[in-house]
Each structure stands twice: as C-alpha cells, then as structure tokens.
>>> print(open('structure-v6.cif').read())   # mmCIF, C-alpha atoms and all ligand atoms
data_entry
loop_
_atom_site.label_atom_id
_atom_site.label_comp_id
_atom_site.auth_asym_id
_atom_site.auth_seq_id
_atom_site.Cartn_x
_atom_site.Cartn_y
_atom_site.Cartn_z
CA MET A 1 0.00 0.00 0.00
CA ALA A 2 1.35 3.43 -0.92
CA ARG A 3 2.25 5.86 1.85
CA VAL A 4 1.12 9.46 1.85
CA PHE A 5 2.37 12.32 4.03
CA SER A 6 1.37 15.97 4.16
CA GLY A 7 1.32 18.78 6.68
CA MET A 8 -0.18 22.21 7.26
CA GLN A 9 1.00 25.04 9.47
CA PRO A 10 -1.19 26.05 12.43
CA THR A 11 -0.87 29.73 11.65
CA GLY A 12 -3.35 32.44 10.74
CA ASN A 13 -6.70 31.44 9.30
CA LEU A 14 -6.79 28.30 7.21
CA HIS A 15 -8.15 29.55 3.90
CA LEU A 16 -9.92 28.28 0.83
CA GLY A 17 -6.56 27.88 -0.97
CA ASN A 18 -5.23 25.58 1.77
CA TYR A 19 -8.49 23.64 1.61
CA LEU A 20 -8.80 23.23 -2.16
CA GLY A 21 -5.08 22.84 -2.84
CA ALA A 22 -4.42 20.41 0.01
CA LEU A 23 -6.92 19.45 2.75
CA LYS A 24 -9.86 18.49 0.50
CA ARG A 25 -7.50 16.31 -1.51
CA PHE A 26 -6.34 14.45 1.62
CA ILE A 27 -9.82 12.99 2.20
CA PRO A 28 -9.97 10.36 -0.61
CA LEU A 29 -6.33 9.44 -0.02
CA GLN A 30 -7.07 8.03 3.43
CA GLU A 31 -9.10 5.31 1.67
CA GLU A 32 -6.41 4.27 -0.77
CA ALA A 33 -3.10 4.81 1.04
CA GLU A 34 -1.50 4.58 4.46
CA SER A 35 -1.81 8.24 5.31
CA PHE A 36 -0.04 10.58 7.74
CA PHE A 37 -1.35 14.11 8.12
CA CYS A 38 0.56 16.38 10.40
CA VAL A 39 0.00 19.75 12.05
CA VAL A 40 3.47 21.18 11.45
CA ASP A 41 3.76 23.28 14.59
CA LEU A 42 7.59 23.35 14.47
CA HIS A 43 7.39 25.06 11.08
CA ALA A 44 5.11 27.68 12.60
CA LEU A 45 7.96 28.77 14.89
CA THR A 46 10.05 30.01 11.96
CA VAL A 47 8.43 33.41 12.42
CA PRO A 48 7.59 34.90 15.85
CA ARG A 49 4.31 33.57 17.29
CA ASP A 50 2.25 34.23 20.34
CA PRO A 51 2.60 30.93 22.32
CA GLU A 52 -1.02 30.92 23.49
CA ASP A 53 -2.26 31.51 19.95
CA LEU A 54 -0.02 28.75 18.57
CA ARG A 55 -1.44 26.24 21.10
CA LYS A 56 -4.99 27.23 20.17
CA LYS A 57 -4.34 27.12 16.41
CA THR A 58 -2.68 23.69 16.67
CA VAL A 59 -5.80 22.13 18.22
CA GLU A 60 -8.05 24.07 15.83
CA LEU A 61 -6.18 22.83 12.76
CA ALA A 62 -6.39 19.23 13.96
CA ALA A 63 -10.14 19.77 14.50
CA LEU A 64 -10.42 21.13 10.96
CA TYR A 65 -8.71 18.00 9.64
CA VAL A 66 -11.39 15.88 11.27
CA ALA A 67 -14.24 18.28 10.45
CA ALA A 68 -13.24 18.24 6.77
CA GLY A 69 -13.54 14.44 6.73
CA LEU A 70 -10.29 12.88 7.89
CA ASP A 71 -11.00 9.84 10.04
CA PRO A 72 -8.43 9.25 12.82
CA GLU A 73 -9.14 5.52 12.53
CA LYS A 74 -8.03 5.55 8.89
CA ALA A 75 -5.34 8.24 8.79
CA THR A 76 -2.71 9.11 11.38
CA LEU A 77 -3.34 12.70 12.53
CA PHE A 78 -0.70 14.22 14.78
CA ALA A 79 1.29 17.27 15.81
CA GLN A 80 4.84 17.42 14.47
CA SER A 81 6.36 18.35 17.86
CA HIS A 82 4.80 15.22 19.41
CA ASN A 83 7.17 13.06 17.42
CA PRO A 84 10.76 14.12 18.29
CA HIS A 85 12.08 12.25 15.24
CA HIS A 86 11.10 15.25 13.09
CA ALA A 87 13.48 17.67 14.82
CA GLU A 88 16.23 15.04 14.84
CA ALA A 89 15.81 14.11 11.18
CA GLY A 90 15.59 17.80 10.31
CA TRP A 91 19.00 18.40 11.89
CA LEU A 92 20.62 15.39 10.23
CA LEU A 93 19.26 16.49 6.86
CA GLN A 94 20.48 20.07 7.40
CA CYS A 95 23.91 18.49 7.53
CA VAL A 96 23.52 17.22 3.95
CA THR A 97 21.78 20.36 2.64
CA ARG A 98 23.81 23.06 0.92
CA MET A 99 23.49 26.74 1.75
CA GLY A 100 23.14 27.47 -1.97
CA GLU A 101 20.09 25.19 -2.19
CA LEU A 102 18.35 26.92 0.68
CA SER A 103 19.24 30.35 -0.69
CA ARG A 104 17.41 29.51 -3.92
CA MET A 105 14.07 28.77 -2.24
CA THR A 106 11.60 31.35 -3.53
CA GLN A 107 9.43 31.14 -0.41
CA PHE A 108 12.42 32.16 1.73
CA LYS A 109 13.20 35.02 -0.63
CA ASP A 110 9.57 36.22 -0.53
CA LYS A 111 9.13 35.91 3.22
CA SER A 112 12.49 37.39 4.18
CA GLN A 113 12.20 40.38 1.85
CA GLY A 114 13.04 43.66 3.51
CA SER A 115 13.52 42.11 6.94
CA ASP A 116 16.83 42.01 8.80
CA SER A 117 15.45 39.88 11.65
CA VAL A 118 14.73 36.71 9.67
CA THR A 119 15.34 33.57 11.74
CA ALA A 120 17.76 30.78 10.87
CA GLY A 121 14.72 28.47 11.19
CA LEU A 122 12.97 30.15 8.26
CA PHE A 123 16.08 29.58 6.17
CA THR A 124 16.58 25.92 7.09
CA TYR A 125 12.88 24.94 7.24
CA PRO A 126 12.90 23.10 3.88
CA ALA A 127 15.36 20.57 5.40
CA LEU A 128 12.95 19.98 8.29
CA MET A 129 10.14 19.56 5.77
CA ALA A 130 12.23 16.99 3.90
CA GLY A 131 12.68 15.13 7.21
CA ASP A 132 8.90 15.20 7.82
CA ILE A 133 8.29 13.40 4.54
CA LEU A 134 11.30 11.06 4.37
CA LEU A 135 10.85 9.73 7.91
CA TYR A 136 7.63 8.02 6.81
CA GLN A 137 9.05 6.70 3.52
CA ALA A 138 6.21 8.56 1.83
CA ASP A 139 5.58 7.70 -1.81
CA GLU A 140 3.33 10.70 -2.41
CA VAL A 141 2.93 14.16 -0.94
CA PRO A 142 -0.30 16.03 -1.74
CA VAL A 143 0.41 19.77 -1.67
CA GLY A 144 -0.45 23.01 -3.42
CA GLU A 145 1.78 24.31 -6.17
CA ASP A 146 3.68 26.71 -3.88
CA GLN A 147 5.32 23.72 -2.19
CA LYS A 148 6.68 22.21 -5.41
CA GLN A 149 10.17 23.66 -5.00
CA HIS A 150 10.46 22.42 -1.40
CA LEU A 151 9.43 18.97 -2.54
CA GLU A 152 12.03 18.96 -5.27
CA LEU A 153 14.60 19.74 -2.60
CA ALA A 154 13.28 16.86 -0.45
CA ARG A 155 13.75 14.54 -3.43
CA ASP A 156 17.28 15.85 -4.08
CA LEU A 157 18.21 15.37 -0.42
CA ALA A 158 16.81 11.84 -0.37
CA GLU A 159 18.79 10.93 -3.49
CA ARG A 160 21.97 12.51 -2.14
CA PHE A 161 21.58 10.77 1.22
CA ASN A 162 20.97 7.40 -0.47
CA ARG A 163 24.07 7.87 -2.64
CA GLN A 164 26.25 8.98 0.25
CA TYR A 165 25.10 6.59 2.98
CA GLY A 166 23.34 3.75 1.17
CA GLU A 167 19.68 3.14 0.36
CA THR A 168 17.65 4.73 3.18
CA PHE A 169 14.75 6.76 1.77
CA THR A 170 11.89 6.30 -0.67
CA ILE A 171 11.97 9.14 -3.22
CA PRO A 172 8.65 10.99 -2.74
CA GLU A 173 6.50 12.21 -5.63
CA PRO A 174 4.64 15.51 -5.33
CA ARG A 175 0.91 15.11 -5.88
CA ILE A 176 -0.35 18.47 -7.09
CA GLY A 177 -3.96 18.88 -8.24
CA GLU A 178 -4.70 19.81 -11.85
CA THR A 179 -7.17 22.49 -10.82
CA GLY A 180 -7.06 24.43 -7.55
CA ALA A 181 -3.35 23.90 -6.88
CA ARG A 182 -2.89 27.65 -6.79
CA ILE A 183 -5.95 29.56 -5.63
CA MET A 184 -5.33 33.26 -6.08
CA GLY A 185 -6.05 36.15 -3.73
CA LEU A 186 -9.51 37.66 -4.20
CA ASP A 187 -8.15 41.19 -3.85
CA ASN A 188 -5.18 40.49 -6.12
CA PRO A 189 -5.57 37.48 -8.43
CA GLU A 190 -1.98 37.80 -9.63
CA LYS A 191 -0.72 36.43 -6.30
CA LYS A 192 -1.68 33.28 -4.41
CA MET A 193 -4.28 33.39 -1.65
CA SER A 194 -2.22 33.59 1.51
CA LYS A 195 -2.69 33.45 5.29
CA SER A 196 -0.16 36.21 5.73
CA ALA A 197 -1.75 38.56 3.17
CA ALA A 198 -1.89 42.20 4.25
CA SER A 199 -5.66 42.46 3.75
CA GLU A 200 -8.47 40.16 4.93
CA ALA A 201 -10.10 40.75 1.54
CA ASN A 202 -7.43 38.42 0.11
CA PHE A 203 -8.78 35.17 1.51
CA ILE A 204 -11.86 33.22 2.54
CA GLY A 205 -11.26 31.64 5.95
CA LEU A 206 -12.67 28.14 6.39
CA LEU A 207 -14.56 29.34 9.45
CA GLU A 208 -15.84 32.54 7.91
CA ASP A 209 -19.56 33.39 8.08
CA GLU A 210 -21.89 33.50 5.08
CA LYS A 211 -22.29 37.26 4.98
CA SER A 212 -18.59 37.88 4.87
CA ILE A 213 -18.04 35.20 2.19
CA VAL A 214 -20.67 36.78 -0.07
CA LYS A 215 -19.22 40.25 0.50
CA LYS A 216 -15.67 39.16 -0.34
CA PHE A 217 -16.70 37.34 -3.52
CA LYS A 218 -18.81 40.29 -4.66
CA ARG A 219 -15.75 42.51 -4.25
CA ALA A 220 -13.34 40.04 -5.86
CA VAL A 221 -11.08 41.75 -8.40
CA THR A 222 -11.81 40.68 -11.99
CA ASP A 223 -11.23 42.73 -15.18
CA SER A 224 -12.92 45.35 -17.31
CA GLU A 225 -14.30 42.94 -19.96
CA ASN A 226 -17.47 40.96 -19.52
CA ASP A 227 -16.89 37.54 -21.08
CA ILE A 228 -16.39 34.56 -18.85
CA ARG A 229 -13.52 32.40 -20.02
CA TYR A 230 -10.60 30.55 -18.46
CA ASP A 231 -7.36 32.38 -19.16
CA PRO A 232 -5.18 32.64 -16.02
CA GLU A 233 -2.69 34.93 -17.80
CA LYS A 234 -5.07 37.53 -19.17
CA LYS A 235 -8.06 37.00 -16.88
CA PRO A 236 -6.67 35.81 -13.52
CA GLY A 237 -9.67 36.95 -11.45
CA VAL A 238 -12.36 35.24 -13.53
CA SER A 239 -10.17 32.15 -13.98
CA ASN A 240 -9.72 31.97 -10.21
CA LEU A 241 -13.50 31.97 -9.66
CA LEU A 242 -13.90 29.24 -12.29
CA SER A 243 -11.18 27.13 -10.66
CA ILE A 244 -12.78 27.45 -7.21
CA MET A 245 -16.15 26.45 -8.60
CA SER A 246 -14.69 23.60 -10.62
CA VAL A 247 -12.86 21.96 -7.71
CA ILE A 248 -15.91 22.15 -5.46
CA THR A 249 -18.59 21.08 -7.96
CA GLY A 250 -16.39 18.60 -9.80
CA LYS A 251 -17.46 20.16 -13.12
CA PRO A 252 -14.64 20.77 -15.61
CA VAL A 253 -13.74 24.43 -16.17
CA GLN A 254 -14.79 24.06 -19.82
CA THR A 255 -18.33 23.00 -18.83
CA LEU A 256 -18.62 25.91 -16.42
CA THR A 257 -17.42 28.36 -19.06
CA GLU A 258 -20.18 27.14 -21.38
CA GLU A 259 -22.80 27.36 -18.60
CA TYR A 260 -21.84 30.96 -17.88
CA GLN A 261 -21.80 32.16 -21.48
CA GLY A 262 -23.74 35.41 -21.76
CA LYS A 263 -24.00 35.83 -17.99
CA GLY A 264 -22.22 38.64 -16.17
CA TYR A 265 -19.39 38.53 -13.65
CA GLY A 266 -21.86 39.40 -10.88
CA HIS A 267 -23.71 36.17 -11.53
CA LEU A 268 -20.50 34.09 -11.42
CA LYS A 269 -19.38 35.77 -8.19
CA VAL A 270 -22.67 35.16 -6.36
CA ASP A 271 -22.83 31.53 -7.52
CA THR A 272 -19.21 30.88 -6.51
CA ALA A 273 -19.92 32.35 -3.07
CA GLU A 274 -22.97 30.08 -2.71
CA VAL A 275 -21.05 26.96 -3.72
CA VAL A 276 -18.30 27.82 -1.21
CA ILE A 277 -20.83 28.48 1.58
CA GLN A 278 -22.51 25.09 0.99
CA GLU A 279 -19.12 23.33 0.94
CA LEU A 280 -17.95 24.96 4.19
CA LYS A 281 -21.23 24.75 6.15
CA PRO A 282 -20.95 21.09 7.29
CA ILE A 283 -17.24 21.55 8.06
CA GLN A 284 -18.00 24.57 10.24
CA GLU A 285 -20.77 22.73 12.09
CA ARG A 286 -18.62 19.68 12.76
CA PHE A 287 -15.72 21.92 13.80
CA ARG A 288 -17.89 23.61 16.45
CA GLU A 289 -18.97 20.26 17.89
CA LEU A 290 -15.41 18.89 17.95
CA THR A 291 -13.86 21.86 19.71
CA GLN A 292 -16.38 21.60 22.54
CA THR A 293 -15.67 17.99 23.48
CA GLY A 294 -11.90 17.88 24.03
CA GLU A 295 -11.68 14.78 21.82
CA ILE A 296 -9.12 16.38 19.51
CA GLU A 297 -6.38 16.23 22.15
CA GLU A 298 -7.11 12.50 22.38
CA VAL A 299 -6.89 12.13 18.59
CA LEU A 300 -3.51 13.89 18.62
CA ALA A 301 -2.17 11.74 21.46
CA LYS A 302 -3.07 8.49 19.68
CA GLY A 303 -1.78 9.84 16.36
CA ALA A 304 1.58 10.75 17.92
CA GLU A 305 2.06 7.18 19.16
CA LYS A 306 1.33 5.78 15.71
CA ALA A 307 3.59 8.36 14.05
CA ARG A 308 6.52 7.62 16.38
CA ALA A 309 6.17 3.91 15.74
CA ALA A 310 6.06 4.47 11.98
CA SER A 311 9.17 6.68 11.84
CA GLU A 312 11.33 4.81 14.36
CA LYS A 313 13.04 2.46 11.92
CA THR A 314 14.03 5.18 9.47
CA MET A 315 15.27 7.39 12.30
CA ALA A 316 17.49 4.61 13.65
CA ARG A 317 18.81 3.85 10.15
CA MET A 318 19.67 7.52 9.52
CA LYS A 319 21.67 7.74 12.74
CA GLU A 320 23.43 4.46 12.17
CA VAL A 321 24.54 5.11 8.61
CA MET A 322 25.71 8.62 9.50
CA GLY A 323 27.94 7.23 12.22
CA LEU A 324 26.10 8.01 15.45
CA ILE A 325 26.45 5.25 18.03
CA PRO A 326 23.29 3.93 19.68
CA GLY A 327 22.55 5.21 23.21
CA ARG A 328 21.65 2.84 26.04
N1 LIG B 401 -3.30 29.70 -2.48
C1 LIG B 401 -3.16 28.39 -2.40
N2 LIG B 401 -3.75 27.57 -3.31
C2 LIG B 401 -3.62 26.23 -3.22
N3 LIG B 401 -2.93 25.60 -2.23
C3 LIG B 401 -2.34 26.37 -1.31
N4 LIG B 401 -1.60 26.09 -0.21
C4 LIG B 401 -1.23 27.24 0.41
N5 LIG B 401 -1.73 28.29 -0.26
C5 LIG B 401 -2.42 27.80 -1.33
C6 LIG B 401 -1.29 24.73 0.23
O1 LIG B 401 -1.82 24.56 1.54
C7 LIG B 401 -1.00 23.61 2.25
C8 LIG B 401 -0.67 24.13 3.62
O2 LIG B 401 0.09 25.28 3.51
P1 LIG B 401 0.96 25.82 4.70
O3 LIG B 401 0.20 25.79 5.96
O4 LIG B 401 2.28 25.16 4.72
O5 LIG B 401 1.13 27.34 4.29
P2 LIG B 401 1.85 27.99 3.05
O6 LIG B 401 2.09 27.04 1.93
O7 LIG B 401 3.04 28.71 3.57
O8 LIG B 401 0.78 29.04 2.51
P3 LIG B 401 -0.25 29.91 3.30
O9 LIG B 401 -1.18 28.99 4.01
O10 LIG B 401 -0.94 30.89 2.45
O11 LIG B 401 0.62 30.69 4.34
P4 LIG B 401 1.61 31.91 4.08
O12 LIG B 401 0.79 33.14 4.02
O13 LIG B 401 2.46 31.89 5.31
O14 LIG B 401 2.38 31.67 2.81
C9 LIG B 401 0.23 23.35 1.37
O15 LIG B 401 0.07 22.12 0.71
C10 LIG B 401 0.20 24.50 0.40
O16 LIG B 401 0.81 24.16 -0.83
#
>>> encode(input="structure-v6.cif", output="structure tokens")
Amino acid sequence: MARVFSGMQPTGNLHLGNYLGALKRFIPLQEEAESFFCVVDLHALTVPRDPEDLRKKTVELAALYVAAGLDPEKATLFAQSHNPHHAEAGWLLQCVTRMGELSRMTQFKDKSQGSDSVTAGLFTYPALMAGDILLYQADEVPVGEDQKQHLELARDLAERFNRQYGETFTIPEPRIGETGARIMGLDNPEKKMSKSAASEANFIGLLEDEKSIVKKFKRAVTDSENDIRYDPEKKPGVSNLLSIMSVITGKPVQTLTEEYQGKGYGHLKVDTAEVVIQELKPIQERFRELTQTGEIEEVLAKGAEKARAASEKTMARMKEVMGLIPGR
C-alpha cells in the first residue's frame, strides 16, 4: 500500500486555498493509502508567534482536519512536535543540505524580503520539511503548487543521502492537483491566496460566516471585460473563480465556461460564493462540535504514538549510517 504524508501550518486562518489545494485532496487518499497528516507546529515557529495563539491554532487545525472528513481511525493525525524524530531528522538532513540550495528557495526570498530579523529556522525549514516526509518513507505528498520547489529539494536530499550513505529513503513524488493547486487572492488574483496577506479581503477563511463570504466574492477583483472564459494569464480573477467552482462542484472548467456564457461577472461571483458556503457549512458545524468535546487532544495523542512507531526504523537507520552510536 502506498504511503502518503502531508502537513499544514497552524498559523493564521486556514483559507480556501489551503483547503482546495491540500486538505480536501487528503480525504480520498485516506481510503487508498497509508496516510499521515501532520499539524506542522515546528514550522510555525520560523516566524515569531504568540505561544497561546499557537497552542490554540494547533488544536483548531487538527479539529479542521477531522471536520473536513479525515478519520483518525483511517489516517494518522498528529502534531509534528509530538514526534521528536522530526526535529532530529531535520538536523541530520540540514547536515547534507547546501546553503546554496536553501538560498534559492523562492518562499524564503519572498518571506524574508526587507527584513533584517529573519530567523535561521525560516532559512533551514525546507530541510525539516524533507525530514517530515522522508521519515515516513512517503511515496506521495499532496500539496499546493507553492510547495513544489520544497518537494524537489526533499527529493534531491533523499537521493543525495541514499548515494552517500546507502539506500535509506523512498523518493517521494509531489501530488499536485490539476485544478485548484494555486488559488489566487480575491483582492489580487496575480498572487496566491495567503494566510499572511496584508488584507483580509485576500482570503476566505474556512470558518468565515456567510455574509462575509458573499461580500468578499462580490468585491473580488476581476477585469474590465465581460466575457467569462478561463485564461489565467489575461483573466486571472475570472479564472480563479472558475477554478474554485470547478474543484468544489467537480465540473470541468470548460463545462462551467459554457454554462456561464452570456451571464455577467456578478452572476458568477454570487454563484461561486454560494457553492463555497454550501461546501464549508458542514465543516464549520462539525468543527464547532469537535472543539467543545476535548476529543481532539485525544486524537492527537493516539496519532503521535502511531507516528513515532512508523518513523522509528528510518530514524534509527539515519543515525546508524551517518555514524552516530546507539545510546543505552
Ligand atoms: N493559495 C493556495 N492555493 C492552493 N494551495 C495552497 N496552499 C497554500 N496556499 C495555497 C497549500 O496549503 C497547504 C498548507 O500550507 P501551509 O500551511 O504550509 O502554508 P503555506 O504554503 O506557507 O501558505 P499559506 O497557508 O498561504 O501561508 P503563508 O501566508 O504563510 O504563505 C500546502 O500544501 C500548500 O501548498
């Protein structure tokens, strides 16, 4: 059975991009693969966080995993910091990662722009991410398009490690959706929807209320024409709305384009908002129930045990081949 691993950071508001590019795509995978889905709380520390908020967001993200349809009996759901192998593997992999490789990561370049207080953790985080994946011998990693470069690095590190120390890791394949892998900001469809966007008009939070969703879609930036067609280069705003609708309804973009021929942008915006509201409603209801019972902490505790057991062998092999002697 194939193994799947993916993670999400417990930071900011989980948005529609995170959901359509990643979380929604995790759900069917739990049926067909041995799946590990992690709340990557160590990654969240790469920029300063309020500790209380980080604790709250970690439990909330795990609750969103379950509310969206992940079943803790089928998939292993856990917090990254609950399995110490991640930090250990991250360090060992940093020692085979080159500074030049990390310097080329576009996410680091974007996030560090104009700041002289960037942490070393933000710079080395792709090596930790490689450790997250390689520890579980994952065959596939479902992610949005923005993570493609980090995954290529994880593959390069796995290949280098295998060459240098002998066969240790499975080489993971990125699994990036055809549609929805890069949901764009509603206020600026030239850039991806992002938790850290300057304006709240950029994203739809998964826990956002109906009124606000409708308002944001109505104000979504489009263009000055009035024909509805899919052309991400020339019509990024309209194409973004079509992508969102396509991933949720399962209708190909082409079919939607035909359905909306002769209708105005206003119509497309209101319908997209409605489709999103209906998709998020059951998730929001289930989320509210879950966060009142305290059962999520239990899910995370059981998941951590399973995760530690699953990564133990690889962790021991990494240490051994690198020349670390076993402790007693
Ligand atoms: N706009 C997006 N469209 C599709 N997929 C996306 N992802 C992120 N943004 C989009 C995917 O969501 C998963 C979890 O991402 P993360 O928590 O690691 O955060 P991120 O990739 O750094 O992006 P965010 O959530 O918008 O945060 P910031 O603002 O910090 O960059 C990943 O699979 C990611 O590809």
>>> closest_atom_pairs(input="structure-v6.cif", of="chain A", to="ligand LIG 401 (chain B)", cutoff="6 Å", atoms="all atoms listed in the file", output="Markdown table")
| residue | atom | partner | partner_atom | distance |
| --- | --- | --- | --- | --- |
| A:Met8 | CA | B:LIG401 | O3 | 3.8 |
| A:Gln9 | CA | B:LIG401 | O3 | 3.7 |
| A:Gly17 | CA | B:LIG401 | N2 | 3.7 |
| A:Asn18 | CA | B:LIG401 | O1 | 3.6 |
| A:Gly21 | CA | B:LIG401 | N3 | 3.6 |
| A:Ala22 | CA | B:LIG401 | O15 | 4.9 |
| A:Val143 | CA | B:LIG401 | O15 | 3.4 |
| A:Gly144 | CA | B:LIG401 | O16 | 3.1 |
| A:Glu145 | CA | B:LIG401 | O16 | 5.4 |
| A:Asp146 | CA | B:LIG401 | O16 | 4.9 |
| A:Gln147 | CA | B:LIG401 | O16 | 4.7 |
| A:Gly180 | CA | B:LIG401 | C2 | 5.8 |
| A:Ala181 | CA | B:LIG401 | C2 | 4.3 |
| A:Arg182 | CA | B:LIG401 | N2 | 3.6 |
| A:Ile183 | CA | B:LIG401 | N2 | 3.8 |
| A:Met184 | CA | B:LIG401 | N1 | 5.5 |
| A:Lys192 | CA | B:LIG401 | N1 | 4.4 |
| A:Met193 | CA | B:LIG401 | N1 | 3.9 |
| A:Ser194 | CA | B:LIG401 | O10 | 3.1 |
| A:Lys195 | CA | B:LIG401 | O12 | 3.7 |
| A:Ser196 | CA | B:LIG401 | O12 | 3.6 |
>>> atom_distance(input="structure-v6.cif", atom1="CA of Ser115 in chain A", atom2="CA of Ala44 in chain A")
17.6 Å
>>> atom_distance(input="structure-v6.cif", atom1="CA of Gly237 in chain A", atom2="CA of Gly205 in chain A")
18.3 Å
>>> closest_residue(input="structure-v6.cif", among="A:Val66, A:Val59, A:Ile204, A:Gly131", to="Trp91 in chain A", atoms="only C-alpha atoms")
A:Gly131
>>> closest_residue(input="structure-v6.cif", among="A:Asp41, A:Thr291, A:Ile171, A:Pro84", to="Ala309 in chain A", atoms="all atoms listed in the file")
A:Pro84
>>> residues_around(input="structure-v6.cif", residues="His86 in chain A", least_positions_apart="4", cutoff="10 Å", atoms="only C-alpha atoms", output="PyMOL selection string")
chain A and resi 40+42+80-82+90-92+128-135+308+311+315
>>> closest_residue(input="structure-v6.cif", among="A:Arg155, A:His43, A:Lys191, A:His15", to="Phe123 in chain A", atoms="all atoms listed in the file")
A:His43
>>> atom_distance(input="structure-v6.cif", atom1="CA of Thr272 in chain A", atom2="CA of Val214 in chain A")
8.9 Å
>>> closest_residue(input="structure-v6.cif", among="A:Glu152, A:Ile213, A:Ala307, A:Leu300", to="Phe5 in chain A", atoms="all atoms listed in the file")
A:Ala307
>>> closest_residue(input="structure-v6.cif", among="A:Met99, A:Ala79, A:Leu157, A:Ile325", to="Ala120 in chain A", atoms="only C-alpha atoms")
A:Met99
>>> decode(input="structure-v6.cif", residues="range 292-314 of chain A", atoms="N, CA and C atoms", output="mmCIF file, in the first residue's frame")
data_model
loop_
_atom_site.group_PDB
_atom_site.id
_atom_site.type_symbol
_atom_site.label_atom_id
_atom_site.label_comp_id
_atom_site.auth_asym_id
_atom_site.auth_seq_id
_atom_site.Cartn_x
_atom_site.Cartn_y
_atom_site.Cartn_z
ATOM 1 N N GLN A 292 -15.746 21.516 21.212
ATOM 2 C CA GLN A 292 -16.378 21.601 22.540
ATOM 3 C C GLN A 292 -16.152 20.349 23.382
ATOM 4 N N THR A 293 -15.716 19.265 22.758
ATOM 5 C CA THR A 293 -15.673 17.993 23.485
ATOM 6 C C THR A 293 -14.302 17.644 24.057
ATOM 7 N N GLY A 294 -13.238 18.239 23.555
ATOM 8 C CA GLY A 294 -11.897 17.879 24.026
ATOM 9 C C GLY A 294 -11.375 16.604 23.383
ATOM 10 N N GLU A 295 -12.117 16.054 22.423
ATOM 11 C CA GLU A 295 -11.684 14.779 21.819
ATOM 12 C C GLU A 295 -10.484 14.939 20.879
ATOM 13 N N ILE A 296 -10.230 16.162 20.442
ATOM 14 C CA ILE A 296 -9.123 16.385 19.508
ATOM 15 C C ILE A 296 -7.773 16.103 20.170
ATOM 16 N N GLU A 297 -7.639 16.497 21.426
ATOM 17 C CA GLU A 297 -6.378 16.233 22.147
ATOM 18 C C GLU A 297 -6.119 14.729 22.186
ATOM 19 N N GLU A 298 -7.197 13.970 22.356
ATOM 20 C CA GLU A 298 -7.114 12.502 22.379
ATOM 21 C C GLU A 298 -6.675 11.965 21.010
ATOM 22 N N VAL A 299 -7.255 12.518 19.960
ATOM 23 C CA VAL A 299 -6.893 12.125 18.585
ATOM 24 C C VAL A 299 -5.395 12.371 18.367
ATOM 25 N N LEU A 300 -4.921 13.544 18.821
ATOM 26 C CA LEU A 300 -3.508 13.890 18.618
ATOM 27 C C LEU A 300 -2.588 12.966 19.421
ATOM 28 N N ALA A 301 -3.008 12.610 20.621
ATOM 29 C CA ALA A 301 -2.173 11.738 21.456
ATOM 30 C C ALA A 301 -2.026 10.357 20.813
ATOM 31 N N LYS A 302 -3.126 9.811 20.335
ATOM 32 C CA LYS A 302 -3.070 8.488 19.680
ATOM 33 C C LYS A 302 -2.277 8.565 18.382
ATOM 34 N N GLY A 303 -2.486 9.659 17.632
ATOM 35 C CA GLY A 303 -1.781 9.841 16.364
ATOM 36 C C GLY A 303 -0.273 9.910 16.586
ATOM 37 N N ALA A 304 0.141 10.596 17.653
ATOM 38 C CA ALA A 304 1.578 10.752 17.923
ATOM 39 C C ALA A 304 2.225 9.390 18.169
ATOM 40 N N GLU A 305 1.524 8.528 18.909
ATOM 41 C CA GLU A 305 2.057 7.176 19.161
ATOM 42 C C GLU A 305 2.268 6.422 17.858
ATOM 43 N N LYS A 306 1.239 6.496 16.986
ATOM 44 C CA LYS A 306 1.333 5.780 15.705
ATOM 45 C C LYS A 306 2.449 6.369 14.836
ATOM 46 N N ALA A 307 2.561 7.699 14.873
ATOM 47 C CA ALA A 307 3.588 8.361 14.050
ATOM 48 C C ALA A 307 4.986 7.971 14.525
ATOM 49 N N ARG A 308 5.190 7.977 15.836
ATOM 50 C CA ARG A 308 6.522 7.622 16.378
ATOM 51 C C ARG A 308 6.884 6.199 15.979
ATOM 52 N N ALA A 309 5.905 5.311 16.091
ATOM 53 C CA ALA A 309 6.174 3.908 15.742
ATOM 54 C C ALA A 309 6.518 3.783 14.255
ATOM 55 N N ALA A 310 5.839 4.580 13.429
ATOM 56 C CA ALA A 310 6.057 4.471 11.979
ATOM 57 C C ALA A 310 7.405 5.050 11.544
ATOM 58 N N SER A 311 7.931 6.016 12.294
ATOM 59 C CA SER A 311 9.168 6.683 11.842
ATOM 60 C C SER A 311 10.422 6.136 12.529
ATOM 61 N N GLU A 312 10.225 5.279 13.518
ATOM 62 C CA GLU A 312 11.332 4.814 14.358
ATOM 63 C C GLU A 312 12.467 4.137 13.560
ATOM 64 N N LYS A 313 12.044 3.240 12.654
ATOM 65 C CA LYS A 313 13.040 2.458 11.923
ATOM 66 C C LYS A 313 13.916 3.364 11.038
ATOM 67 N N THR A 314 13.278 4.273 10.351
ATOM 68 C CA THR A 314 14.034 5.180 9.467
ATOM 69 C C THR A 314 14.968 6.067 10.286
#
